[in-house]
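Engineer: Before I ask anything, here is the structure I am working with.
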Amino acid sequence: MEANPRSTGRLPAAFLTPGSSSFMDFLSAHSPEMLPGHRKLPEGVIEAPHGTTIVAATFAGGVVLAGDRRATMGNMIAQRDIEKVFPADEYSAVGIAGTAGLAVEMVKLFQLELEHFEKVEGATLSLEGKANRLSTMIRGNLGMAMQGLAVVPLFAGWDEGREKGRIFSYDVTGGRSEEHGYAATGSGSIFARGSMKKLYRADLTEEQATTLVVQALYDAADDDSATGGPDMARRIFPIVTVITDEGFRRLTEAESSELARSVTERRLEQPDGPRAALL
């Protein structure tokens with residue numbers, strides 16, 4: 001009589017010989033209930049904390065991805081210091097907007113998906129491949145999105161083949177679009193995008209690109225109540241990350257606080273921010 005793997009403490013053979021390089025496919029086959037999109041939810045729209053504004057901008061040596069720190073639930077501030085920008089792997093990052101708890105869980109699954117592929121195949125996915133995998137994950141969450149639990153991330157990374165930073169945006173159905181120069185998602189995205197549209201240049205340096213995204217987040221917070229600006233009293237500042245050919249790097253608290261303080265001090269002189277040339 002064959003021993004029960006659970007009683008012996010051994011994993012089933014299928015767990016040791018995955019037939020797919022996709023961790024999501026493996027999980028769907030063996031434990032589908034662990035996937036967010038497969039869970040049963042009560043009927044009606046569900047109220048949950050939402051992350052808001054994420055922005056990104058490319059520069060000559062890479063790409064910057066940043067986010068504010070506020071999560072809201074209706075007209076209430078649910079959390080003031082939430083983290084919305086995470087490394088996906090060594091050369092890419094993802095920023096989350098939408099249902100906060102679900103978005104963080106999706107990011108963790110995405111990180112596992114990329115790690116699983118690398119271990120099974122012995123190579124890393126291309127940046128385009130990573131963007132496609134994230135698109136598939138978002139599409140699998142469509143049922144929950146229709147009940148108000150939508151996740152709309154912004155994905156950015158260094159493309160080793162093209163030797164440049166690239167940005168990808170998504171809709172709730174998993175539709176993917178490559179953005180050129182700059183992008184924003186979340187409730188304050190319309191204001192952040194308008195800010196970057198007037199200030200962005202293709203020849204930005206890394207320092208200028210990080211300043212640009214903080215300026216954009218400041219403008220978003222100025223007009224969107226769900227987006228949080230720099231909080232000097234509580235020392236809560238935007239999360240700013242940089243991805244180059246050297247990999248992912250998150251600005252330290254000292255760096256992000258100095259950047260936020262310099263932008264805020266200039267706003268005391270020009271409350272509406274820097275002016276773009278008319279011609």
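By order in the structure tokens, chains are A, B, ...; within a chain, residues start at 1; ligands start at 1, following the order shown.
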Enumerate the residues of region 92-233 of chain A with a DSSP assignment of strand (DSSP E), computed from the backbone, and present them as a list in words.
Structural biologist: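 Here are the strand (DSSP E) residues of region 92-233 of chain A: Ser92, Ala93, Val94, Gly95, Gly98, Thr99, Leu154, Phe155, Ala156, Gly157, Trp158, Asp159, Lys164, Gly165, Arg166, Ile167, Phe168, Ser169, Tyr170, Arg176, Ser177, Glu178, Glu179, Tyr182, Ala183, Ala184 and Thr185 of chain A.
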Engineer: Using the chain letters and numbers from this document, which residues of region 60-143 of chain A does DSSP assign to helix (DSSP H, G or I), as a PyMOL selection string?
Structural biologist: chain A and resi 100-121+127-139+142-143
Engineer: Could you pull the residues within 12 Å of Ala260 (chain A), counting only C-alpha atoms, minus those fewer than 3 positions along the same chain, as a PyMOL selection string?
Structural biologist: chain A and resi 68+210-218+229-232+235-240+251+253-257+263-267
Engineer: Which residue gives the smallest distance to Ala276 (chain A) among A:Ser126, A:Ser135, A:Ser195, A:Thr173, with only C-alpha atoms counted?
Structural biologist: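 Answer, going by the shortest atom-to-atom distance: A:Ser195.
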Engineer: Using only C-alpha atoms, pick whichever of A:Gly61, A:Gly188, A:Pro49, A:Gly67 has the shortest atom-to-atom distance to Arg250 (chain A).
Structural biologist: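 Residue with the minimum atom-to-atom distance to Arg250 (chain A): A:Gly67.
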Engineer: Tell me which protein, DNA and RNA residues are within 7 Å of Gly181 (chain A), counting only C-alpha atoms, leaving out same-chain ones fewer than 3 positions away, and put them as a PyMOL selection string.
Structural biologist: chain A and resi 57-58+202
Engineer: Mind dumping the selected residues with all heavy atoms as a CSV table (one decimal), in the first residue's frame?
Structural biologist:
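The resulting file, result_37.csv, is shown below:
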```
chain,number,residue,atom,x,y,z
A,57,ALA,N,9.3,57.6,-14.8
A,57,ALA,CA,10.0,58.4,-15.9
A,57,ALA,C,11.3,57.8,-16.3
A,57,ALA,O,12.0,57.3,-15.4
A,57,ALA,CB,10.2,59.9,-15.4
A,58,THR,N,11.6,57.8,-17.5
A,58,THR,CA,12.9,57.3,-18.0
A,58,THR,C,13.9,58.4,-18.1
A,58,THR,O,13.5,59.6,-18.2
A,58,THR,CB,12.7,56.6,-19.4
A,58,THR,OG1,12.2,57.6,-20.3
A,58,THR,CG2,11.8,55.4,-19.4
A,202,ALA,N,13.8,64.3,-22.7
A,202,ALA,CA,14.5,63.0,-23.0
A,202,ALA,C,15.9,63.0,-22.5
A,202,ALA,O,16.4,61.9,-22.3
A,202,ALA,CB,14.5,62.8,-24.5
```
Engineer: Excluding Ile243 (chain A) and residues on its chain fewer than 2 positions from it, collect all residues at most 10 Å away from it, counting only C-alpha atoms, and give them as a list in words.
Structural biologist: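 The residues that qualify are Thr58, Gly61, Gly62, Val63, Val64, Leu65, Pro87, Glu90, Tyr91, Ser92, Ala93, Ala156, Gly157, Trp158, Asp159, Lys164, Gly165, Arg166, Glu206, Thr241, Asp245, Glu246, Gly247, Phe248, Arg249 and Arg250 of chain A.
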Engineer: Using only C-alpha atoms, which of the listed residues (A:Phe59, A:Ile54, A:Tyr182, A:Leu268) sits closest to Glu163 (chain A)?
Structural biologist: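 Of all the options, A:Phe59 lies closest to Glu163 (chain A).
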Engineer: Phe86 (chain A): which residues within 8 Å, counting only C-alpha atoms, same-chain residues fewer than 6 positions away excluded, as a PyMOL selection string?
Structural biologist: chain A and resi 93-95+107
Engineer: Would you save the residues from that selection as a short mmCIF file (atom, residue, chain, number, x, y, z; two decimals), in the first residue's frame, using N, CA, C and O atoms?
Structural biologist:
```
data_model
loop_
_atom_site.label_atom_id
_atom_site.label_comp_id
_atom_site.auth_asym_id
_atom_site.auth_seq_id
_atom_site.Cartn_x
_atom_site.Cartn_y
_atom_site.Cartn_z
N ALA A 93 10.87 46.64 -11.36
CA ALA A 93 10.10 46.99 -10.17
C ALA A 93 8.64 47.19 -10.57
O ALA A 93 8.32 47.43 -11.74
N VAL A 94 7.76 47.10 -9.58
CA VAL A 94 6.34 47.27 -9.82
C VAL A 94 5.76 48.19 -8.76
O VAL A 94 6.08 48.08 -7.58
N GLY A 95 4.94 49.13 -9.20
CA GLY A 95 4.24 50.03 -8.29
C GLY A 95 2.76 49.70 -8.32
O GLY A 95 2.20 49.43 -9.39
N VAL A 107 1.90 41.26 -6.00
CA VAL A 107 3.32 41.55 -6.19
C VAL A 107 4.17 40.38 -5.68
O VAL A 107 5.14 39.96 -6.34
#
```
Engineer: Counting only C-alpha atoms, which residue out of A:Val152, A:Ala226, A:Ala66, A:Leu125 sits closest to Met106 (chain A)?
Structural biologist: A:Val152
Engineer: Quick one: residues within 7 Å of Ala60 (chain A), only C-alpha atoms, excluding same-chain residues fewer than 6 positions away - as a list in words?
Structural biologist: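 Here the answer would be Asp203, Leu204 and Thr205 of chain A.
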Engineer: Can you work out the spacing between CA of Met76 (chain A) and CA of His50 (chain A) in Å, to one decimal?
Structural biologist: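 Distance reported for this atom pair: 10.5 Å.
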Engineer: Any idea what the distance is between CA of Tyr170 (chain A) and CA of Leu154 (chain A)?
Structural biologist: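 Between CA of Tyr170 (chain A) and CA of Leu154 (chain A) the gap is 6.8 Å.
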Engineer: Would you please work out which residue, of A:Ala220, A:Leu114, A:Ile96, A:Leu127, is nearest to Val151 (chain A) when using only C-alpha atoms?
Structural biologist: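 Using only C-alpha atoms, the shortest distance to Val151 (chain A) belongs to A:Ile96.
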